[in-house]
Amino acid sequence: MSRYLYYPGCSMDGSGRAYGESLNGVCEKLGLTMSEIDDWNCCGATEYVGVSLSPAYALIARNLALAANAKKDGEPLVAACSACYLNLAKADAYMKERPLLNERVNVALGAGDLHYEPGSVEIRHLLEVIMNDVGLDQVKSMVVKPLAGLRVAPYLGCMLPRPDPDHRWKNHERPEELDRLLEALGADVVDFPLKTECCGGHMTQIAPKVGLELIKRLVDEAEHHGADMMVTVCPMCQINIDAYQGEMNALFHTKHKMPIVFFTQLMGIAFGLDEKKMGFGRELTDARKALRKIGQQPEVAVEAAPAHRQRPDKRALPMPTMPKDADPVREALASEVNQ
Amino acid sequence: MVVAQVQPPEMADTTRFLEEVSARTAGVSRLEMCIQCGTCGGSCPSADDMDHTPRMLFAMIRAGMKDEALRSNTPWMCVSCYHCVVRCPQGVHIADVMYTLKGMAEDAKSYRDKTPPHFASVFVGQVETFGRSWELGLTARHYLRHFILRLPRMTPMAIGLFMRGRIGIMPNRIHQRKQLHAILSKAEELEKVS
Ligand code: SF4
Ligand code: SF4
């Protein structure tokens with residue numbers, strides 16, 4: 001039994017309820033005890049920081065202070081919403097980086113008899129905990145219903161792999177972790193090129209055309225790769241792609257019906273947990289029909305996606321590269337010169 | 001894209017705006033390190049909808065073009081995808097600077113579209129009152145104010161979400177609301193001093 005402190009965030013018992021439900025079931029199976037920090041508050045999402053700096057960070061830091069007080073034995077604080085995770089991790093990192101911010105936040109916390117020492121709580125995201133603390137071998141050993149026949153597009157969105165204040169991700173633009181996890185569950189995993197592109201964030205609320213266009217790119221691409229569903233790690237990504245797909249279809253005259261579910265929901269299914277208890281049926285774009293494909297032979301062979309060309313260096317900028325293999329023009333030129 | 005036509009300001013004003021922006025940014029902004037390479041704009045999914053690419057905006061900040069920078073829609077179009085941030089060769093905290101500029105534009109009331117600042121202020125108001133966000137209250141108020149025409153399509157979506165147990169009719173509240181208010185007012189007080 002490993003114990004973790006848990007910060008659910010506001011959407012876990014609201015719009016992201018299927019995430020909360022499946023997470024509980026899956027963590028229990030995996031022997032991860034998630035103890036919710038008492039009386040946590042909203043992390044401010046992507047709104048508060050754009051209004052006023054010190055209050056925004058004091059708001060986040062109240063949660064960190066509560067977590068530090070609840071900590072018994074170095075347990076990390078886990079969030080499953082990418083935006084919550086990033087806010088918590090950023091507050092900790094920036095309080096370290098900028099003493100003035102640290103001072104102000106702590107003076108403010110002091111008005112509520114709280115204090116937070118940056119660095120005193122380790123902040124992590126659920127996916128990374130499952131990958132690193134549980135490990136794929138254990139996940140594999142618990143699969144009783146492999147997801148064979150289900151074609152999934154892994155979709156991480158932005159805020160988990162980037163900006164990565166704690167340097168936990170090897171690749172910020174095309175991380176493979178979620179792909180490996182879904183493969184371990186037996187699913188047929190699409191090499192989804194837009195896996196860390198934006199879901200539109202709050203744009204669906206403030207500049208709908210911009211938001212819906214971003215959603216369309218993702219759904220088009222998932223469809224193009226023959227995915228039965230997209231799989232996400234973030235409640236904001238989920239609601240944007242799930243709930244706004246209707247408005248997107250109306251705007252662009254398309255007829256997409258691409259379900260998007262949380263990775264924990266599929267883990268639950270593979271572990272033999274009940275479909276309804278894993279939150280299936282809560283999505284607006286029905287995913288249950290696609291679940292029936294599990295264990296079936298795929299009806300039509302899907303064209304393989306073009307192989308991804310690796311950049312020369314993971315940290316390099318996207319510069320044009322010369323083809324390494326035979327180039328007839330160059331060879332012809334070279335032989336002319338040699339003659 | 002908008003090409004600004006202005007007289008260069010005095011030197012002292014120039015650095016003052018850069019310093020102001022950096023002071024209001026969460027981490028160390030590193031704005032003065034920008035080498036104008038343009039990687040940020042080239043990586044940005046919203047660049048097409050922006051008045052200025054992030055690179056241009058940062059040049060404007062360094063040139064002290066405060067009014068123009070605060071009127072630009074660029075920060076409001078930033079979706080915080082952090083593509084530019086992981087690619088910037090100089091480690092500029094681009095997305096955080098965008099947040100700073102939003103806050104400054106709100107204070108100066110120098111935005112053209114009221115929708116984003118209204119959304120942010122309703123959200124923040126809820127969080128300050130309840131300690132938690134409340135999606136139904138937020139979206140209902142926001143759509144009535146700004147997107148009446150989207151309501152016919154939003155209503156079935158809201159009903160769908162409600163039927164699936166994904167919308168709370170009443171806001172959730174934290175217990176220690178007094179403590180939270182004390183913390184936030186103190187923080188606001190400190191923010192104003194700077
Ligand atoms: S990528 Fe960085 S250094 Fe290059 S223009 Fe943008 S902010 Fe400046
Ligand atoms: S973080 Fe903002 S500015 Fe940077 S690439 Fe994303 S949308 Fe563009």
# chains A, B, ... in the order shown; residues from 1 in each chain; ligands from 1
>>> closest_atom_pairs(of="chain B", to="ligand 2", cutoff="6 Å", atoms="only C-alpha atoms and all ligand atoms", output="Markdown table")
| residue | atom | partner | partner_atom_place_in_ligand_line | distance |
| --- | --- | --- | --- | --- |
| B:Cys40 | CA | ligand 2 | 5 (S) | 5.9 |
| B:Ser43 | CA | ligand 2 | 5 (S) | 5.3 |
| B:Cys44 | CA | ligand 2 | 5 (S) | 3.5 |
| B:Pro45 | CA | ligand 2 | 7 (S) | 5.8 |
| B:Ser46 | CA | ligand 2 | 7 (S) | 5.4 |
| B:Pro54 | CA | ligand 2 | 3 (S) | 5.8 |
| B:Cys78 | CA | ligand 2 | 2 (Fe) | 3.7 |
| B:Val79 | CA | ligand 2 | 7 (S) | 4.3 |
| B:Ser80 | CA | ligand 2 | 1 (S) | 3.9 |
| B:Cys81 | CA | ligand 2 | 6 (Fe) | 3.9 |
| B:Tyr82 | CA | ligand 2 | 1 (S) | 3.9 |
| B:His83 | CA | ligand 2 | 5 (S) | 4.7 |
| B:Cys84 | CA | ligand 2 | 5 (S) | 4.3 |
| B:Ala95 | CA | ligand 2 | 1 (S) | 4.7 |
>>> write_last_selection(atoms="N, CA, C and O atoms", output="short mmCIF file (atom, residue, chain, number, x, y, z; two decimals), in the first residue's frame")
data_model
loop_
_atom_site.label_atom_id
_atom_site.label_comp_id
_atom_site.auth_asym_id
_atom_site.auth_seq_id
_atom_site.Cartn_x
_atom_site.Cartn_y
_atom_site.Cartn_z
N CYS B 40 8.87 31.29 -30.95
CA CYS B 40 7.59 31.30 -30.24
C CYS B 40 6.43 31.44 -31.21
O CYS B 40 5.51 30.62 -31.19
N SER B 43 5.76 28.46 -33.30
CA SER B 43 5.25 27.27 -32.60
C SER B 43 3.82 27.46 -32.14
O SER B 43 3.25 26.56 -31.56
N CYS B 44 3.26 28.64 -32.37
CA CYS B 44 2.02 29.01 -31.68
C CYS B 44 0.77 28.65 -32.48
O CYS B 44 0.62 29.09 -33.61
N PRO B 45 -0.13 27.85 -31.88
CA PRO B 45 -1.34 27.48 -32.61
C PRO B 45 -2.29 28.66 -32.79
O PRO B 45 -3.20 28.60 -33.60
N SER B 46 -2.10 29.72 -32.03
CA SER B 46 -3.02 30.86 -32.10
C SER B 46 -2.44 32.02 -32.89
O SER B 46 -3.10 33.06 -33.02
N PRO B 54 4.13 36.58 -30.40
CA PRO B 54 4.79 36.83 -29.11
C PRO B 54 6.12 37.57 -29.30
O PRO B 54 6.43 38.50 -28.55
N CYS B 78 -3.67 33.70 -26.37
CA CYS B 78 -2.76 32.65 -25.90
C CYS B 78 -3.56 31.60 -25.16
O CYS B 78 -4.34 31.92 -24.27
N VAL B 79 -3.40 30.33 -25.55
CA VAL B 79 -4.16 29.26 -24.92
C VAL B 79 -3.33 28.52 -23.87
O VAL B 79 -3.72 27.46 -23.40
N SER B 80 -2.18 29.07 -23.50
CA SER B 80 -1.29 28.44 -22.52
C SER B 80 -0.93 27.02 -22.92
O SER B 80 -1.02 26.10 -22.10
N CYS B 81 -0.52 26.83 -24.16
CA CYS B 81 -0.17 25.47 -24.58
C CYS B 81 1.30 25.16 -24.27
O CYS B 81 1.73 24.02 -24.34
N TYR B 82 2.07 26.20 -23.97
CA TYR B 82 3.48 26.06 -23.57
C TYR B 82 4.38 25.45 -24.65
O TYR B 82 5.48 25.00 -24.35
N HIS B 83 3.91 25.42 -25.89
CA HIS B 83 4.80 24.95 -26.96
C HIS B 83 6.01 25.87 -27.07
O HIS B 83 7.15 25.43 -27.14
N CYS B 84 5.71 27.19 -27.10
CA CYS B 84 6.79 28.16 -27.23
C CYS B 84 7.75 28.07 -26.05
O CYS B 84 8.95 28.22 -26.21
N ALA B 95 4.43 32.17 -21.57
CA ALA B 95 3.02 32.05 -21.20
C ALA B 95 2.73 32.86 -19.93
O ALA B 95 1.66 33.46 -19.81
#
>>> interface_residues(of="chain B", to="chain A", cutoff="8 Å", atoms="only C-alpha atoms", output="JSON, numbers by chain")
{"B": [24, 25, 26, 27, 28, 45, 46, 49, 79, 80, 81, 82, 83, 85, 86, 87, 98, 99, 100, 101, 102, 103, 106, 115, 116, 119, 120, 121, 123, 124, 127, 131, 132, 133, 134, 139, 153, 157, 160, 161, 164, 165, 166, 167, 168, 174, 175, 176, 179, 180, 182, 183, 184, 185, 186, 187, 188, 190, 191]}
>>> atom_distance(atom1="CA of His256 in chain A", atom2="CA of Val152 in chain A")
15.7 Å
>>> residues_near_ligand(ligand="ligand 1", cutoff="8 Å", atoms="only C-alpha atoms and all ligand atoms", output="ChimeraX atom specification")
/B:31,33-41,54-56,58,84-85,87-94
>>> write_last_selection(atoms="N, CA, C and O atoms", output="compact mmCIF listing (two decimals), in the first residue's frame")
# COMPACT_ATOMS: atom_id res chain seq x y z
N LEU B 31 12.56 38.23 -19.85
CA LEU B 31 12.17 38.96 -21.07
C LEU B 31 13.35 39.65 -21.73
O LEU B 31 13.43 39.73 -22.96
N MET B 33 16.17 38.65 -22.06
CA MET B 33 17.04 37.68 -22.72
C MET B 33 16.56 37.34 -24.14
O MET B 33 17.24 36.65 -24.88
N CYS B 34 15.35 37.78 -24.50
CA CYS B 34 14.77 37.41 -25.80
C CYS B 34 15.69 37.86 -26.94
O CYS B 34 16.12 39.00 -26.99
N ILE B 35 16.01 36.93 -27.84
CA ILE B 35 16.89 37.26 -28.96
C ILE B 35 16.10 37.43 -30.25
O ILE B 35 16.66 37.43 -31.35
N GLN B 36 14.77 37.54 -30.14
CA GLN B 36 13.94 37.83 -31.32
C GLN B 36 14.08 36.77 -32.43
O GLN B 36 14.08 37.10 -33.60
N CYS B 37 14.18 35.51 -32.00
CA CYS B 37 14.39 34.46 -33.01
C CYS B 37 13.08 34.06 -33.69
O CYS B 37 13.09 33.51 -34.78
N GLY B 38 11.95 34.30 -33.02
CA GLY B 38 10.66 34.00 -33.64
C GLY B 38 10.19 32.57 -33.47
O GLY B 38 9.16 32.19 -34.01
N THR B 39 10.94 31.78 -32.72
CA THR B 39 10.52 30.39 -32.50
C THR B 39 9.14 30.34 -31.84
O THR B 39 8.32 29.47 -32.15
N CYS B 40 8.87 31.29 -30.95
CA CYS B 40 7.59 31.30 -30.24
C CYS B 40 6.43 31.44 -31.21
O CYS B 40 5.51 30.62 -31.19
N GLY B 41 6.47 32.45 -32.06
CA GLY B 41 5.37 32.65 -33.00
C GLY B 41 5.22 31.46 -33.94
O GLY B 41 4.11 31.04 -34.26
N PRO B 54 4.13 36.58 -30.40
CA PRO B 54 4.79 36.83 -29.11
C PRO B 54 6.12 37.57 -29.30
O PRO B 54 6.43 38.50 -28.55
N ARG B 55 6.88 37.19 -30.31
CA ARG B 55 8.17 37.86 -30.54
C ARG B 55 7.99 39.36 -30.72
O ARG B 55 8.68 40.17 -30.10
N MET B 56 7.03 39.76 -31.57
CA MET B 56 6.79 41.19 -31.79
C MET B 56 6.37 41.88 -30.50
O MET B 56 6.82 42.98 -30.18
N PHE B 58 7.10 41.10 -27.52
CA PHE B 58 8.21 41.26 -26.57
C PHE B 58 9.11 42.41 -27.01
O PHE B 58 9.66 43.13 -26.18
N CYS B 84 5.71 27.19 -27.10
CA CYS B 84 6.79 28.16 -27.23
C CYS B 84 7.75 28.07 -26.05
O CYS B 84 8.95 28.22 -26.21
N VAL B 85 7.19 27.82 -24.87
CA VAL B 85 8.01 27.85 -23.66
C VAL B 85 9.07 26.76 -23.69
O VAL B 85 10.23 27.00 -23.36
N ARG B 87 10.28 25.43 -26.30
CA ARG B 87 11.17 25.59 -27.46
C ARG B 87 12.05 26.83 -27.39
O ARG B 87 13.05 26.91 -28.08
N CYS B 88 11.63 27.84 -26.63
CA CYS B 88 12.37 29.10 -26.59
C CYS B 88 13.82 28.85 -26.18
O CYS B 88 14.09 28.28 -25.13
N PRO B 89 14.78 29.26 -27.02
CA PRO B 89 16.19 28.98 -26.70
C PRO B 89 16.68 29.78 -25.50
O PRO B 89 17.74 29.48 -24.96
N GLN B 90 15.93 30.79 -25.11
CA GLN B 90 16.37 31.67 -24.03
C GLN B 90 15.60 31.46 -22.74
O GLN B 90 15.78 32.20 -21.78
N GLY B 91 14.73 30.48 -22.71
CA GLY B 91 13.98 30.19 -21.48
C GLY B 91 13.10 31.34 -21.02
O GLY B 91 12.86 31.50 -19.82
N VAL B 92 12.59 32.14 -21.95
CA VAL B 92 11.67 33.21 -21.57
C VAL B 92 10.36 32.58 -21.08
O VAL B 92 9.86 31.63 -21.68
N HIS B 93 9.82 33.11 -19.98
CA HIS B 93 8.56 32.56 -19.44
C HIS B 93 7.39 33.15 -20.22
O HIS B 93 6.61 33.93 -19.70
N ILE B 94 7.29 32.75 -21.48
CA ILE B 94 6.36 33.40 -22.41
C ILE B 94 4.91 33.36 -21.92
O ILE B 94 4.24 34.38 -21.82
>>> atom_distance(atom1="CA of Tyr19 in chain A", atom2="CA of Val231 in chain A")
11.4 Å
>>> atom_distance(atom1="CA of Ile260 in chain A", atom2="CA of Met229 in chain A")
5.5 Å
>>> select_by_dssp(residues="range 99-275 of chain A", states="alpha helix (DSSP H)", output="JSON, numbers by chain")
{"A": [99, 100, 101, 102, 103, 104, 105, 106, 107, 108, 109, 110, 126, 127, 128, 129, 136, 137, 138, 139, 140, 141, 177, 178, 179, 180, 181, 182, 183, 184, 203, 204, 205, 206, 208, 209, 210, 211, 212, 213, 214, 215, 216, 217, 218, 219, 220, 221, 222, 223, 224, 235, 236, 237, 238, 239, 240, 241, 242, 243, 245, 246, 247, 248, 249, 250, 251, 252, 263, 264, 265, 266, 267, 268, 269, 270]}
>>> write_last_selection(atoms="C-alpha atoms", output="PDB file, in the first residue's frame")
ATOM      1  CA  PRO A  99      11.922  35.091  -3.257  1.00  0.00           C
ATOM      2  CA  LEU A 100       9.610  38.125  -3.516  1.00  0.00           C
ATOM      3  CA  LEU A 101       6.701  35.922  -4.581  1.00  0.00           C
ATOM      4  CA  ASN A 102       7.488  33.471  -1.811  1.00  0.00           C
ATOM      5  CA  GLU A 103       7.534  36.273   0.735  1.00  0.00           C
ATOM      6  CA  ARG A 104       4.247  37.774  -0.403  1.00  0.00           C
ATOM      7  CA  VAL A 105       2.472  34.449  -0.625  1.00  0.00           C
ATOM      8  CA  ASN A 106       3.609  33.546   2.864  1.00  0.00           C
ATOM      9  CA  VAL A 107       2.614  36.906   4.357  1.00  0.00           C
ATOM     10  CA  ALA A 108      -0.826  36.362   2.796  1.00  0.00           C
ATOM     11  CA  LEU A 109      -1.018  32.744   4.033  1.00  0.00           C
ATOM     12  CA  GLY A 110      -0.036  34.072   7.453  1.00  0.00           C
ATOM     13  CA  LEU A 126      -1.563  10.548 -11.536  1.00  0.00           C
ATOM     14  CA  LEU A 127      -0.354   9.245 -14.919  1.00  0.00           C
ATOM     15  CA  GLU A 128       3.254   9.717 -13.939  1.00  0.00           C
ATOM     16  CA  VAL A 129       2.627   7.994 -10.570  1.00  0.00           C
ATOM     17  CA  LEU A 136       3.817  -1.279 -16.543  1.00  0.00           C
ATOM     18  CA  ASP A 137       4.657  -4.801 -15.385  1.00  0.00           C
ATOM     19  CA  GLN A 138       2.211  -4.604 -12.526  1.00  0.00           C
ATOM     20  CA  VAL A 139      -0.400  -2.941 -14.713  1.00  0.00           C
ATOM     21  CA  LYS A 140      -0.018  -5.754 -17.261  1.00  0.00           C
ATOM     22  CA  SER A 141      -0.291  -8.410 -14.608  1.00  0.00           C
ATOM     23  CA  GLU A 177       4.122   7.196 -21.707  1.00  0.00           C
ATOM     24  CA  LEU A 178       0.382   7.130 -22.328  1.00  0.00           C
ATOM     25  CA  ASP A 179       0.908   5.071 -25.488  1.00  0.00           C
ATOM     26  CA  ARG A 180       2.875   2.474 -23.499  1.00  0.00           C
ATOM     27  CA  LEU A 181       0.228   2.327 -20.784  1.00  0.00           C
ATOM     28  CA  LEU A 182      -2.600   1.800 -23.269  1.00  0.00           C
ATOM     29  CA  GLU A 183      -0.534  -0.854 -25.051  1.00  0.00           C
ATOM     30  CA  ALA A 184      -0.064  -2.604 -21.721  1.00  0.00           C
ATOM     31  CA  MET A 203     -11.334  29.452 -25.721  1.00  0.00           C
ATOM     32  CA  THR A 204     -14.654  27.601 -26.029  1.00  0.00           C
ATOM     33  CA  GLN A 205     -15.891  30.141 -23.475  1.00  0.00           C
ATOM     34  CA  ILE A 206     -14.298  33.333 -24.712  1.00  0.00           C
ATOM     35  CA  PRO A 208     -15.577  30.022 -29.592  1.00  0.00           C
ATOM     36  CA  LYS A 209     -14.349  29.975 -33.198  1.00  0.00           C
ATOM     37  CA  VAL A 210     -10.721  29.682 -32.111  1.00  0.00           C
ATOM     38  CA  GLY A 211     -11.590  26.942 -29.628  1.00  0.00           C
ATOM     39  CA  LEU A 212     -13.807  24.968 -31.979  1.00  0.00           C
ATOM     40  CA  GLU A 213     -11.170  25.081 -34.696  1.00  0.00           C
ATOM     41  CA  LEU A 214      -8.593  23.580 -32.340  1.00  0.00           C
ATOM     42  CA  ILE A 215     -11.070  20.866 -31.370  1.00  0.00           C
ATOM     43  CA  LYS A 216     -11.772  20.145 -35.019  1.00  0.00           C
ATOM     44  CA  ARG A 217      -8.089  19.616 -35.793  1.00  0.00           C
ATOM     45  CA  LEU A 218      -7.858  17.007 -33.061  1.00  0.00           C
ATOM     46  CA  VAL A 219     -11.049  15.165 -33.891  1.00  0.00           C
ATOM     47  CA  ASP A 220     -10.315  15.186 -37.654  1.00  0.00           C
ATOM     48  CA  GLU A 221      -6.898  13.724 -37.034  1.00  0.00           C
ATOM     49  CA  ALA A 222      -8.141  11.045 -34.631  1.00  0.00           C
ATOM     50  CA  GLU A 223     -10.769  10.069 -37.154  1.00  0.00           C
ATOM     51  CA  HIS A 224      -8.210  10.065 -39.957  1.00  0.00           C
ATOM     52  CA  PRO A 235     -10.988  16.968 -17.448  1.00  0.00           C
ATOM     53  CA  MET A 236     -10.695  20.212 -19.428  1.00  0.00           C
ATOM     54  CA  CYS A 237      -9.605  18.364 -22.576  1.00  0.00           C
ATOM     55  CA  GLN A 238     -12.397  15.880 -22.017  1.00  0.00           C
ATOM     56  CA  ILE A 239     -15.222  18.377 -21.723  1.00  0.00           C
ATOM     57  CA  ASN A 240     -14.001  20.482 -24.635  1.00  0.00           C
ATOM     58  CA  ILE A 241     -13.818  17.579 -27.050  1.00  0.00           C
ATOM     59  CA  ASP A 242     -16.812  15.697 -25.665  1.00  0.00           C
ATOM     60  CA  ALA A 243     -19.349  18.426 -25.031  1.00  0.00           C
ATOM     61  CA  GLN A 245     -18.249  18.443 -30.537  1.00  0.00           C
ATOM     62  CA  GLY A 246     -21.890  19.192 -31.389  1.00  0.00           C
ATOM     63  CA  GLU A 247     -21.249  22.904 -31.731  1.00  0.00           C
ATOM     64  CA  MET A 248     -18.091  22.150 -33.697  1.00  0.00           C
ATOM     65  CA  ASN A 249     -20.014  19.894 -36.097  1.00  0.00           C
ATOM     66  CA  ALA A 250     -22.626  22.601 -36.607  1.00  0.00           C
ATOM     67  CA  LEU A 251     -20.027  25.275 -37.327  1.00  0.00           C
ATOM     68  CA  PHE A 252     -17.965  23.226 -39.771  1.00  0.00           C
ATOM     69  CA  PHE A 263      -7.306   6.678 -19.288  1.00  0.00           C
ATOM     70  CA  THR A 264      -8.423   5.444 -15.875  1.00  0.00           C
ATOM     71  CA  GLN A 265     -11.776   4.411 -17.353  1.00  0.00           C
ATOM     72  CA  LEU A 266     -10.023   2.092 -19.806  1.00  0.00           C
ATOM     73  CA  MET A 267      -7.715   0.789 -17.080  1.00  0.00           C
ATOM     74  CA  GLY A 268     -10.820  -0.116 -15.103  1.00  0.00           C
ATOM     75  CA  ILE A 269     -12.345  -1.994 -18.030  1.00  0.00           C
ATOM     76  CA  ALA A 270      -9.110  -3.897 -18.628  1.00  0.00           C
TER      77      ALA A 270
END
>>> residues_around(residues="range 225-228 of chain A", least_positions_apart="5", cutoff="6 Å", atoms="only C-alpha atoms", output="PyMOL selection string")
chain A and resi 151-153+290
>>> decode(residues="range 113-121 of chain A", atoms="all heavy atoms", output="short mmCIF file (atom, residue, chain, number, x, y, z; two decimals), in the first residue's frame")
data_model
loop_
_atom_site.label_atom_id
_atom_site.label_comp_id
_atom_site.auth_asym_id
_atom_site.auth_seq_id
_atom_site.Cartn_x
_atom_site.Cartn_y
_atom_site.Cartn_z
N ASP A 113 -3.20 31.99 9.18
CA ASP A 113 -2.41 31.08 10.03
C ASP A 113 -1.84 29.89 9.29
O ASP A 113 -1.78 28.77 9.83
CB ASP A 113 -3.25 30.57 11.22
CG ASP A 113 -3.43 31.66 12.26
OD1 ASP A 113 -2.50 32.48 12.41
OD2 ASP A 113 -4.51 31.71 12.87
N LEU A 114 -1.45 30.09 8.07
CA LEU A 114 -0.83 29.00 7.31
C LEU A 114 0.56 29.44 6.85
O LEU A 114 0.87 30.64 6.83
CB LEU A 114 -1.68 28.63 6.09
CG LEU A 114 -3.01 27.92 6.35
CD1 LEU A 114 -3.79 27.79 5.04
CD2 LEU A 114 -2.81 26.55 6.98
N HIS A 115 1.36 28.46 6.47
CA HIS A 115 2.68 28.76 5.94
C HIS A 115 3.05 27.65 4.97
O HIS A 115 2.69 26.50 5.16
CB HIS A 115 3.71 28.81 7.08
CG HIS A 115 5.10 29.06 6.57
ND1 HIS A 115 5.55 30.33 6.29
CD2 HIS A 115 6.11 28.22 6.27
CE1 HIS A 115 6.80 30.26 5.84
NE2 HIS A 115 7.17 28.99 5.82
N TYR A 116 3.75 28.01 3.90
CA TYR A 116 4.24 26.96 3.00
C TYR A 116 5.69 27.20 2.63
O TYR A 116 6.06 28.26 2.15
CB TYR A 116 3.40 26.85 1.73
CG TYR A 116 3.93 25.77 0.83
CD1 TYR A 116 3.85 24.43 1.20
CD2 TYR A 116 4.58 26.09 -0.36
CE1 TYR A 116 4.38 23.43 0.41
CE2 TYR A 116 5.12 25.09 -1.17
CZ TYR A 116 5.02 23.76 -0.77
OH TYR A 116 5.56 22.77 -1.55
N GLU A 117 6.50 26.20 2.90
CA GLU A 117 7.92 26.25 2.54
C GLU A 117 8.07 25.62 1.16
O GLU A 117 7.86 24.41 1.02
CB GLU A 117 8.69 25.45 3.60
CG GLU A 117 10.19 25.63 3.58
CD GLU A 117 10.61 27.08 3.71
OE1 GLU A 117 10.00 27.83 4.51
OE2 GLU A 117 11.53 27.49 2.98
N PRO A 118 8.41 26.42 0.13
CA PRO A 118 8.51 25.82 -1.20
C PRO A 118 9.49 24.64 -1.21
O PRO A 118 10.52 24.68 -0.56
CB PRO A 118 8.99 26.97 -2.08
CG PRO A 118 9.34 28.10 -1.19
CD PRO A 118 8.66 27.87 0.11
N GLY A 119 9.10 23.59 -1.91
CA GLY A 119 9.95 22.41 -1.98
C GLY A 119 9.57 21.36 -0.94
O GLY A 119 10.08 20.24 -0.98
N SER A 120 8.68 21.71 0.00
CA SER A 120 8.40 20.75 1.06
C SER A 120 7.38 19.68 0.66
O SER A 120 7.25 18.67 1.33
CB SER A 120 7.98 21.45 2.35
OG SER A 120 6.83 22.22 2.14
N VAL A 121 6.65 19.92 -0.42
CA VAL A 121 5.72 18.88 -0.88
C VAL A 121 6.09 18.51 -2.31
O VAL A 121 6.36 19.38 -3.14
CB VAL A 121 4.25 19.38 -0.84
CG1 VAL A 121 3.31 18.36 -1.46
CG2 VAL A 121 3.82 19.68 0.59
#
